[in-house]
Amino acid sequence: MSTTDTPSTAVDSAPDPYLAVQQSAEFAGLRRALRNFVFPMTAAFFLWYALYVLLSAYARGFMGTKVVGNINIALVFGLLQFVSTFLIAWLYARYTERRVDPVADRLKVQVEDDAMNSHGGGAS
Amino acid sequence: MSNFALPAPLAAEATSGTARTTTITLFLVFVAITLVITVWASRQTRNATDFYAGGRSFSGFQNGMAIGGDYMSAASFLGIAGLIALYGYDGFLYSIGFLVAWLVALLLVAELLRNSGRYTMADVLAFRMRQRPVRTAAAVSTITVSIFYLLAQMVGAGALVGLLLGIREGETFLGMDADTAKVATIIVVGALMIIYVTVGGMKGTTYVQIVKAFLLMLGAIAMTLFVLSAFKFNLSTLLGDAAEASGKGTPFIEPGLRYGVEVAGDATQTFYNKMDLFSLGIALVLGTAGLPHILIRFYTVPSARAARKSVMWAIGIIGAFYLMTLALGFGAAAMVGGEAIRAQDTGGNTAAPQLAQELGDRYLGGSTGGAVFLAVIAAVAFATILAVVAGLTLASSSSLAHDFYANVIKRGTASERQEVVVARIAAFGIGAVAIVLSIFAQNLNVAFLVALAFAVAASGNLPAILYSLFWKRFTTAGATWAIYGGLITAVVLVFFSPVVSGRPTAMFSGHDWQWFPLSNPGIISIPAGFFFGWLGTVLSREKADERKYAELEVRSLTGAGAH
């Protein structure tokens with residue numbers, strides 16, 4: 001193991017395995033699969049959370065409405081944030097296991113083989 | 001019991017004596033166990049990967065526990081329970097922000113960082129950039145965030161010791177009065193964190209955090225079960241009793257008593273208060289995934305998939321814990337009462353230990369049971385502080401050694417051995433600085449530093465990380481502008497905010513240079529960080545290195561060539 005992980009002077013050897021993979025259709029598919037999930041989902045949970053904070057600040061009457069006994073909408077809304085967080089984490093794990101991991105594994109092997117062939121050694 | 005009626009103050013003193021001895025004994029047991037683990041870990045620490053990343057040998061579950069131990073600070077255990085006990089619902093807002101934040105880490109950061117980095121946050125930031133400027137900026141930001149956080153924790157520990165050991169004004173304990181005990185605590189906490197980090201490295205620190213998370217969860221679960229059973233598992237009754245005992249009625253279980261307070265007849269202040277609430281909320285959610293001591297935890301597992309698993313576990317553990325803060329906070333409000341809590345500490349930090357005492361009194365055989373349960377929870381609180389400060393010290397010393405010493409000063413020519421030696425020295429130095437600063441700051445109100453650490457992480461680190469991973473055109477200048485721009489904006493705004501001066505509760509309460517109306521800078525500084533990152537990039541003549549970006553992208557997404 002070398003001390004620097006990323007030498008600032010890049011090794012410029014002819015066909016770069018990373019560039020080749022990055023421009024492949026399969027990698028584009030992997031990138032799309034991941035981004036199609038994480039970007040909209042991030043926007044969704046952020047807006048959902050922002051809505052909760054804004055309602056806590058500006059819609060106190062609504063938030064104070066009692067649902068059952070002393071349990072009001074503010075509490076239910078807060079607990080729903082827990083539920084949505086658990087749910088999104090679970091959905092993400094399920095999605096990546098099915099749609100992302102198999103492709104990532106295939107490409108990883110491909111990149112490491114390419115690197116082995118072109119450099120005569122493994123990518124450290 | 002009543003036959004034994006001692007005069008009331010004497011009984012109280014006897015109780016606090018039992019509690020004090022028990023707390024100290026339990027704390028010493030925790031320290032002894034963790035020191036044994038630390039020495040054992042030091043024997044397993046042979047190279048830099050062991051020191052910085054615990055040999056990447058932890059399982060997803062172990063790391064999930066350690067993340068919990070690293071993240072759930074005394075501020076969240078004692079602080080949130082206290083906030084809910086005194087201000088009701090608003091304390092819960094903190095719990096929610098602290099939890100939802102983990103989705104940013106899970107979806108956008110953890111796995112990509114694990115795949116492409118090695119020891120520090122800067123490994124990813126500097127991956128395709130010029131090493132020296134980016135690593136310098138990252139080290140500055142890492143150390144700033146960690147020191148802010150450290151100060152809040154250590155000053156908090158000093159303030160807690162008197163309360164948790166029940167040392168009152170004019171009393172002495174082991175020949176120390178309350179003020180000496182405070183300084184002694186800061187020094188002991190500082191010395192222990194230095195030992196954990198310099199001797200045990202990441203392995204030792206991780207085990208300390210796992211043990212702490214286990215104890216904290218056990219303590220919280222026990223208290224929650226007692227509280228819930230006291231109210232026959234009826235949440236509605238608990239809330240009703242808490243609202244009644246608080247003397248504030250229904251508003252106690254609604255948002256608005258602490259954050260976004262509506263000031264009658266002052267529309268401007270009301271507006272600022274509500275902005276402040278929103279500003280705090282987004283800093284909490286966006287800050288977590290930019291906290292260096294959290295980020296380096298992802299390197300302790302063998303793969304990105306294990307990093308994902310560890311965040312899943314962390315979300316489960318942290319989520320469960322923050323749900324329990326509801327029972328602890330409202331339980332303390334209902335069973336101890338706001339008045340009794342304020343009498344101990346106006347900030348409410350003793351709510352959880354006082355609740356433990358009350359629960360022990362009721363369910364564990366009277367005042368002895370109360371004293372013992374109080375002592376257990378107090379010892380857990382100290383364990384909590386230790387695990388968090390160790391994580392912070394490790395993060396900042398790693399960055400100082402790996403980023404600043406090895407890659408900036410030595411330009412990548414330092415040997416692994418030298419790096420680890422420097423990291424150990426750095427941990428000692430940072431620990432010493434933290435002790436000295438904490439002693440100076442011990443009587444200042446520095447609780448705001450936790451929120452500031454989150455704001456800086458969200459404003460400087462997060463934009464730099466996200467741009468690095470997802471924006472092809474991002475350049476060296478963009479990275480340094482994002483980090484410094486976000487950091488400086490956040491710190492300057494807070495310096496001129498009401499938490500630093502101009503209010504009786506401010507850090508420098510006797511002075512007034514305040515002009516920024518919010519206590520939390522996030523609403524301005526987070527967009528500013530993203531803006532500076534963009535501006536630095538479009539203004540720089542340097543073009544992004546396409547080959548290096550291809551490498552970063554492929555490595556981060558596939559795990560090829562991961563360390």
# chains A, B, ... in the order shown; residues from 1 in each chain; ligands from 1
call {"tool": "interface_residues", "arguments": {"of": "chain A", "to": "chain B", "cutoff": "7 Å", "atoms": "only C-alpha atoms", "output": "PDB file with C-alpha atoms, in the first residue's frame"}}
result
ATOM      1  CA  THR A   3       0.851   6.368   1.338  1.00  0.00           C
ATOM      2  CA  THR A   4      -0.954   8.581  -1.119  1.00  0.00           C
ATOM      3  CA  THR A   6      -4.524   9.761  -5.207  1.00  0.00           C
ATOM      4  CA  SER A   8      -1.699  14.386  -8.003  1.00  0.00           C
ATOM      5  CA  TYR A  18     -11.991   4.106 -16.085  1.00  0.00           C
ATOM      6  CA  LEU A  19     -12.758   6.348 -19.060  1.00  0.00           C
ATOM      7  CA  GLN A  22     -17.497   5.508 -17.722  1.00  0.00           C
ATOM      8  CA  VAL A  38     -31.735   8.996  -4.994  1.00  0.00           C
ATOM      9  CA  VAL A  53     -41.035  22.379   9.927  1.00  0.00           C
ATOM     10  CA  LEU A  54     -43.031  25.081   8.139  1.00  0.00           C
ATOM     11  CA  SER A  56     -44.776  23.718  12.990  1.00  0.00           C
ATOM     12  CA  ALA A  57     -43.846  27.360  12.511  1.00  0.00           C
ATOM     13  CA  ARG A  60     -49.980  26.028  14.825  1.00  0.00           C
ATOM     14  CA  GLY A  64     -52.647  21.511  17.524  1.00  0.00           C
ATOM     15  CA  GLY A  69     -57.294  12.042  23.226  1.00  0.00           C
ATOM     16  CA  ASN A  70     -54.288  14.303  23.677  1.00  0.00           C
ATOM     17  CA  ILE A  71     -52.595  13.094  20.516  1.00  0.00           C
ATOM     18  CA  ALA A  74     -48.188  17.754  15.371  1.00  0.00           C
ATOM     19  CA  GLY A  78     -43.646  14.048  13.747  1.00  0.00           C
ATOM     20  CA  GLN A  81     -41.365  11.603   9.775  1.00  0.00           C
ATOM     21  CA  PHE A  82     -39.951   8.610  11.615  1.00  0.00           C
ATOM     22  CA  THR A  85     -37.402   7.785   7.220  1.00  0.00           C
ATOM     23  CA  ALA A  89     -34.206   3.578   4.016  1.00  0.00           C
ATOM     24  CA  ALA A 104     -22.005  -2.463 -10.013  1.00  0.00           C
ATOM     25  CA  ASP A 105     -20.485  -5.859  -9.276  1.00  0.00           C
ATOM     26  CA  LEU A 107     -18.548  -3.428 -13.805  1.00  0.00           C
ATOM     27  CA  LYS A 108     -16.216  -3.653 -10.843  1.00  0.00           C
ATOM     28  CA  VAL A 111     -12.628  -2.460 -14.431  1.00  0.00           C
ATOM     29  CA  GLU A 112     -10.303  -4.462 -12.236  1.00  0.00           C
ATOM     30  CA  ALA A 123      -5.641  -1.127  -8.888  1.00  0.00           C
ATOM     31  CA  SER A 124      -4.383  -0.688  -5.364  1.00  0.00           C
TER      32      SER A 124
END
call {"tool": "select_by_dssp", "arguments": {"residues": "region 144-240 of chain B", "states": "alpha helix (DSSP H)", "output": "MDAnalysis selection string"}}
result
chainID B and resid 144:164 178:230 235:240
call {"tool": "closest_residue", "arguments": {"among": "A:Ser84, A:Asn117, A:Gln110, A:Thr42", "to": "Ser24 (chain A)", "atoms": "only C-alpha atoms"}}
result
A:Gln110
call {"tool": "atom_distance", "arguments": {"atom1": "CA of Trp313 (chain B)", "atom2": "CA of Gly64 (chain B)"}}
result
4.8 Å
call {"tool": "select_by_dssp", "arguments": {"residues": "region 5-106 of chain A", "states": "strand (DSSP E)", "output": "list of chain:residue names"}}
result
A:Lys66, A:Val67, A:Val68, A:Ile71, A:Asn72
call {"tool": "residues_around", "arguments": {"residues": "region 71-87 of chain B", "least_positions_apart": "4", "cutoff": "7 Å", "atoms": "only C-alpha atoms", "output": "list of chain:residue names"}}
result
B:Ile67, B:Gly91, B:Phe92, B:Phe252, B:Leu257, B:Arg258, B:Thr325, B:Leu328, B:Gly329, B:Phe330, B:Ala332, B:Ala333, B:Gly338, B:Gly348, B:Asn349, B:Thr350, B:Ala351, B:Ala352, B:Ala381, B:Thr384, B:Ile385, B:Val388
call {"tool": "write_last_selection", "arguments": {"atoms": "N, CA and C atoms", "output": "mmCIF file, in the first residue's frame"}}
result
data_model
loop_
_atom_site.group_PDB
_atom_site.id
_atom_site.type_symbol
_atom_site.label_atom_id
_atom_site.label_comp_id
_atom_site.auth_asym_id
_atom_site.auth_seq_id
_atom_site.Cartn_x
_atom_site.Cartn_y
_atom_site.Cartn_z
ATOM 1 N N ILE B 67 -21.783 4.192 15.030
ATOM 2 C CA ILE B 67 -22.305 5.463 14.518
ATOM 3 C C ILE B 67 -23.271 6.051 15.546
ATOM 4 N N GLY B 91 -38.953 20.212 21.732
ATOM 5 C CA GLY B 91 -37.740 19.411 21.835
ATOM 6 C C GLY B 91 -37.723 18.288 20.798
ATOM 7 N N PHE B 92 -38.925 17.830 20.461
ATOM 8 C CA PHE B 92 -39.083 16.734 19.518
ATOM 9 C C PHE B 92 -38.621 17.137 18.112
ATOM 10 N N PHE B 252 -48.259 23.068 25.676
ATOM 11 C CA PHE B 252 -47.070 22.275 25.993
ATOM 12 C C PHE B 252 -46.894 21.114 25.017
ATOM 13 N N LEU B 257 -43.439 26.706 21.938
ATOM 14 C CA LEU B 257 -43.008 27.288 23.208
ATOM 15 C C LEU B 257 -41.534 27.667 23.195
ATOM 16 N N ARG B 258 -40.740 26.992 22.352
ATOM 17 C CA ARG B 258 -39.308 27.228 22.385
ATOM 18 C C ARG B 258 -38.801 27.805 21.064
ATOM 19 N N THR B 325 -36.949 9.537 23.353
ATOM 20 C CA THR B 325 -36.825 10.859 23.989
ATOM 21 C C THR B 325 -38.200 11.440 24.311
ATOM 22 N N LEU B 328 -39.062 9.939 27.596
ATOM 23 C CA LEU B 328 -38.194 10.494 28.642
ATOM 24 C C LEU B 328 -38.588 11.934 28.960
ATOM 25 N N GLY B 329 -38.737 12.742 27.909
ATOM 26 C CA GLY B 329 -39.020 14.166 28.113
ATOM 27 C C GLY B 329 -40.387 14.389 28.741
ATOM 28 N N PHE B 330 -41.420 13.828 28.091
ATOM 29 C CA PHE B 330 -42.765 14.027 28.637
ATOM 30 C C PHE B 330 -42.906 13.309 29.980
ATOM 31 N N ALA B 332 -40.522 13.004 32.214
ATOM 32 C CA ALA B 332 -39.915 13.887 33.217
ATOM 33 C C ALA B 332 -40.849 15.048 33.526
ATOM 34 N N ALA B 333 -41.491 15.590 32.481
ATOM 35 C CA ALA B 333 -42.417 16.701 32.711
ATOM 36 C C ALA B 333 -43.558 16.265 33.621
ATOM 37 N N GLY B 338 -41.690 20.493 35.834
ATOM 38 C CA GLY B 338 -40.802 21.550 35.350
ATOM 39 C C GLY B 338 -40.114 22.307 36.471
ATOM 40 N N GLY B 348 -32.468 22.397 31.863
ATOM 41 C CA GLY B 348 -33.191 21.134 31.794
ATOM 42 C C GLY B 348 -32.320 19.915 31.595
ATOM 43 N N ASN B 349 -30.992 20.091 31.638
ATOM 44 C CA ASN B 349 -30.111 18.954 31.366
ATOM 45 C C ASN B 349 -30.211 17.832 32.386
ATOM 46 N N THR B 350 -30.775 18.123 33.546
ATOM 47 C CA THR B 350 -30.870 17.074 34.563
ATOM 48 C C THR B 350 -32.210 16.358 34.526
ATOM 49 N N ALA B 351 -33.038 16.692 33.527
ATOM 50 C CA ALA B 351 -34.375 16.081 33.481
ATOM 51 C C ALA B 351 -34.298 14.559 33.448
ATOM 52 N N ALA B 352 -33.440 14.024 32.561
ATOM 53 C CA ALA B 352 -33.377 12.562 32.431
ATOM 54 C C ALA B 352 -32.866 11.905 33.718
ATOM 55 N N ALA B 381 -24.521 8.927 31.037
ATOM 56 C CA ALA B 381 -24.340 10.245 30.427
ATOM 57 C C ALA B 381 -22.856 10.570 30.265
ATOM 58 N N THR B 384 -21.460 8.544 27.499
ATOM 59 C CA THR B 384 -21.912 9.156 26.254
ATOM 60 C C THR B 384 -20.980 10.263 25.806
ATOM 61 N N ILE B 385 -20.630 11.125 26.754
ATOM 62 C CA ILE B 385 -19.748 12.244 26.427
ATOM 63 C C ILE B 385 -18.390 11.724 25.956
ATOM 64 N N VAL B 388 -18.310 10.353 22.353
ATOM 65 C CA VAL B 388 -18.443 11.377 21.315
ATOM 66 C C VAL B 388 -17.152 12.179 21.186
#
call {"tool": "residues_around", "arguments": {"residues": "Asn36 (chain A)", "least_positions_apart": "4", "cutoff": "12 Å", "atoms": "only C-alpha atoms", "output": "CSV table (one decimal) with N, CA and C atoms, in the first residue's frame"}}
result
chain,number,residue,atom,x,y,z
A,28,ALA,N,-23.6,3.9,-17.9
A,28,ALA,CA,-24.6,5.0,-18.0
A,28,ALA,C,-25.9,4.5,-17.4
A,29,GLY,N,-26.2,3.2,-17.6
A,29,GLY,CA,-27.4,2.6,-17.1
A,29,GLY,C,-27.4,2.6,-15.5
A,30,LEU,N,-26.2,2.2,-15.0
A,30,LEU,CA,-26.0,2.1,-13.6
A,30,LEU,C,-26.2,3.5,-12.9
A,31,ARG,N,-25.5,4.5,-13.6
A,31,ARG,CA,-25.6,5.9,-13.1
A,31,ARG,C,-27.1,6.3,-13.1
A,32,ARG,N,-27.8,6.0,-14.2
A,32,ARG,CA,-29.2,6.4,-14.3
A,32,ARG,C,-30.0,5.7,-13.2
A,40,PRO,N,-34.8,12.1,-6.9
A,40,PRO,CA,-36.2,12.4,-6.6
A,40,PRO,C,-36.5,12.1,-5.1
A,41,MET,N,-35.9,11.0,-4.6
A,41,MET,CA,-36.2,10.6,-3.2
A,41,MET,C,-35.7,11.7,-2.2
A,42,THR,N,-34.5,12.2,-2.5
A,42,THR,CA,-33.9,13.2,-1.6
A,42,THR,C,-34.8,14.5,-1.7
A,43,ALA,N,-35.2,14.8,-2.9
A,43,ALA,CA,-36.1,16.0,-3.0
A,43,ALA,C,-37.4,15.7,-2.2
A,92,TYR,N,-34.8,2.1,-0.3
A,92,TYR,CA,-33.5,2.3,-0.9
A,92,TYR,C,-32.7,1.0,-0.9
A,95,TYR,N,-34.2,-1.4,-3.4
A,95,TYR,CA,-34.0,-1.0,-4.8
A,95,TYR,C,-32.5,-1.2,-5.2
A,96,THR,N,-31.6,-0.8,-4.3
A,96,THR,CA,-30.2,-1.0,-4.7
A,96,THR,C,-29.8,-2.5,-4.8
A,99,ARG,N,-31.5,-3.4,-8.3
A,99,ARG,CA,-31.2,-2.7,-9.6
A,99,ARG,C,-29.8,-2.2,-9.7
A,100,VAL,N,-29.1,-2.0,-8.6
A,100,VAL,CA,-27.8,-1.3,-8.7
A,100,VAL,C,-26.7,-2.3,-8.4
B,107,LEU,N,-28.5,8.1,1.2
B,107,LEU,CA,-28.8,8.1,-0.2
B,107,LEU,C,-27.6,8.7,-1.0
call {"tool": "residues_around", "arguments": {"residues": "Leu392 (chain B)", "least_positions_apart": "4", "cutoff": "8 Å", "atoms": "only C-alpha atoms", "output": "PDB file with N, CA and C atoms, in the first residue's frame"}}
result
ATOM      1  N   SER B 146     -14.888  20.055  14.413  1.00  0.00           N
ATOM      2  CA  SER B 146     -14.658  19.151  15.536  1.00  0.00           C
ATOM      3  C   SER B 146     -14.386  19.913  16.829  1.00  0.00           C
ATOM      4  N   ILE B 147     -13.634  21.014  16.734  1.00  0.00           N
ATOM      5  CA  ILE B 147     -13.342  21.782  17.953  1.00  0.00           C
ATOM      6  C   ILE B 147     -14.613  22.435  18.514  1.00  0.00           C
ATOM      7  N   TYR B 149     -17.610  21.340  18.245  1.00  0.00           N
ATOM      8  CA  TYR B 149     -18.398  20.259  18.829  1.00  0.00           C
ATOM      9  C   TYR B 149     -17.774  19.778  20.140  1.00  0.00           C
ATOM     10  N   LEU B 150     -16.429  19.652  20.117  1.00  0.00           N
ATOM     11  CA  LEU B 150     -15.705  19.228  21.312  1.00  0.00           C
ATOM     12  C   LEU B 150     -15.930  20.180  22.479  1.00  0.00           C
ATOM     13  N   HIS B 293     -16.463  13.544  11.703  1.00  0.00           N
ATOM     14  CA  HIS B 293     -16.334  12.385  12.590  1.00  0.00           C
ATOM     15  C   HIS B 293     -17.365  11.314  12.250  1.00  0.00           C
ATOM     16  N   VAL B 388     -18.310  10.353  22.353  1.00  0.00           N
ATOM     17  CA  VAL B 388     -18.443  11.377  21.315  1.00  0.00           C
ATOM     18  C   VAL B 388     -17.152  12.179  21.186  1.00  0.00           C
ATOM     19  N   SER B 396     -10.375  14.850  13.877  1.00  0.00           N
ATOM     20  CA  SER B 396      -9.525  16.005  13.620  1.00  0.00           C
ATOM     21  C   SER B 396      -8.055  15.618  13.564  1.00  0.00           C
TER      22      SER B 396
END
call {"tool": "atom_distance", "arguments": {"atom1": "CA of Trp48 (chain A)", "atom2": "CA of Arg114 (chain B)"}}
result
27.9 Å
call {"tool": "closest_residue", "arguments": {"among": "B:Lys232, B:Ala434, B:Pro302, B:Met202", "to": "Val189 (chain B)", "atoms": "only C-alpha atoms"}}
result
B:Ala434
call {"tool": "decode", "arguments": {"residues": "region 390-406 of chain B", "atoms": "N, CA and C atoms", "output": "PDB file, in the first residue's frame"}}
result
ATOM      1  N   ALA B 390     -14.183  11.288  21.887  1.00  0.00           N
ATOM      2  CA  ALA B 390     -13.118  10.470  21.292  1.00  0.00           C
ATOM      3  C   ALA B 390     -13.260  10.471  19.773  1.00  0.00           C
ATOM      4  N   GLY B 391     -14.482  10.310  19.279  1.00  0.00           N
ATOM      5  CA  GLY B 391     -14.718  10.326  17.836  1.00  0.00           C
ATOM      6  C   GLY B 391     -14.281  11.635  17.210  1.00  0.00           C
ATOM      7  N   LEU B 392     -14.575  12.733  17.884  1.00  0.00           N
ATOM      8  CA  LEU B 392     -14.213  14.055  17.363  1.00  0.00           C
ATOM      9  C   LEU B 392     -12.704  14.242  17.335  1.00  0.00           C
ATOM     10  N   THR B 393     -12.036  13.803  18.400  1.00  0.00           N
ATOM     11  CA  THR B 393     -10.583  13.936  18.454  1.00  0.00           C
ATOM     12  C   THR B 393      -9.934  13.111  17.350  1.00  0.00           C
ATOM     13  N   LEU B 394     -10.469  11.904  17.148  1.00  0.00           N
ATOM     14  CA  LEU B 394      -9.914  11.043  16.106  1.00  0.00           C
ATOM     15  C   LEU B 394     -10.083  11.687  14.730  1.00  0.00           C
ATOM     16  N   ALA B 395     -11.270  12.233  14.452  1.00  0.00           N
ATOM     17  CA  ALA B 395     -11.516  12.832  13.136  1.00  0.00           C
ATOM     18  C   ALA B 395     -10.559  13.987  12.879  1.00  0.00           C
ATOM     19  N   SER B 396     -10.375  14.850  13.877  1.00  0.00           N
ATOM     20  CA  SER B 396      -9.525  16.005  13.620  1.00  0.00           C
ATOM     21  C   SER B 396      -8.055  15.618  13.564  1.00  0.00           C
ATOM     22  N   SER B 397      -7.630  14.646  14.379  1.00  0.00           N
ATOM     23  CA  SER B 397      -6.211  14.276  14.300  1.00  0.00           C
ATOM     24  C   SER B 397      -5.923  13.516  13.007  1.00  0.00           C
ATOM     25  N   SER B 398      -6.867  12.707  12.532  1.00  0.00           N
ATOM     26  CA  SER B 398      -6.681  12.020  11.255  1.00  0.00           C
ATOM     27  C   SER B 398      -6.502  13.024  10.135  1.00  0.00           C
ATOM     28  N   SER B 399      -7.343  14.051  10.144  1.00  0.00           N
ATOM     29  CA  SER B 399      -7.273  15.033   9.070  1.00  0.00           C
ATOM     30  C   SER B 399      -5.969  15.822   9.144  1.00  0.00           C
ATOM     31  N   LEU B 400      -5.569  16.158  10.371  1.00  0.00           N
ATOM     32  CA  LEU B 400      -4.322  16.909  10.526  1.00  0.00           C
ATOM     33  C   LEU B 400      -3.139  16.086  10.024  1.00  0.00           C
ATOM     34  N   ALA B 401      -3.141  14.785  10.330  1.00  0.00           N
ATOM     35  CA  ALA B 401      -2.008  13.944   9.936  1.00  0.00           C
ATOM     36  C   ALA B 401      -2.076  13.555   8.459  1.00  0.00           C
ATOM     37  N   HIS B 402      -3.233  13.028   8.043  1.00  0.00           N
ATOM     38  CA  HIS B 402      -3.339  12.484   6.689  1.00  0.00           C
ATOM     39  C   HIS B 402      -3.471  13.595   5.642  1.00  0.00           C
ATOM     40  N   ASP B 403      -4.258  14.618   5.933  1.00  0.00           N
ATOM     41  CA  ASP B 403      -4.456  15.676   4.944  1.00  0.00           C
ATOM     42  C   ASP B 403      -3.349  16.720   5.016  1.00  0.00           C
ATOM     43  N   PHE B 404      -3.167  17.264   6.219  1.00  0.00           N
ATOM     44  CA  PHE B 404      -2.259  18.414   6.297  1.00  0.00           C
ATOM     45  C   PHE B 404      -0.794  17.994   6.326  1.00  0.00           C
ATOM     46  N   TYR B 405      -0.447  17.078   7.231  1.00  0.00           N
ATOM     47  CA  TYR B 405       0.967  16.690   7.325  1.00  0.00           C
ATOM     48  C   TYR B 405       1.405  15.891   6.095  1.00  0.00           C
ATOM     49  N   ALA B 406       0.723  14.779   5.812  1.00  0.00           N
ATOM     50  CA  ALA B 406       1.217  13.866   4.771  1.00  0.00           C
ATOM     51  C   ALA B 406       1.063  14.440   3.366  1.00  0.00           C
TER      52      ALA B 406
END
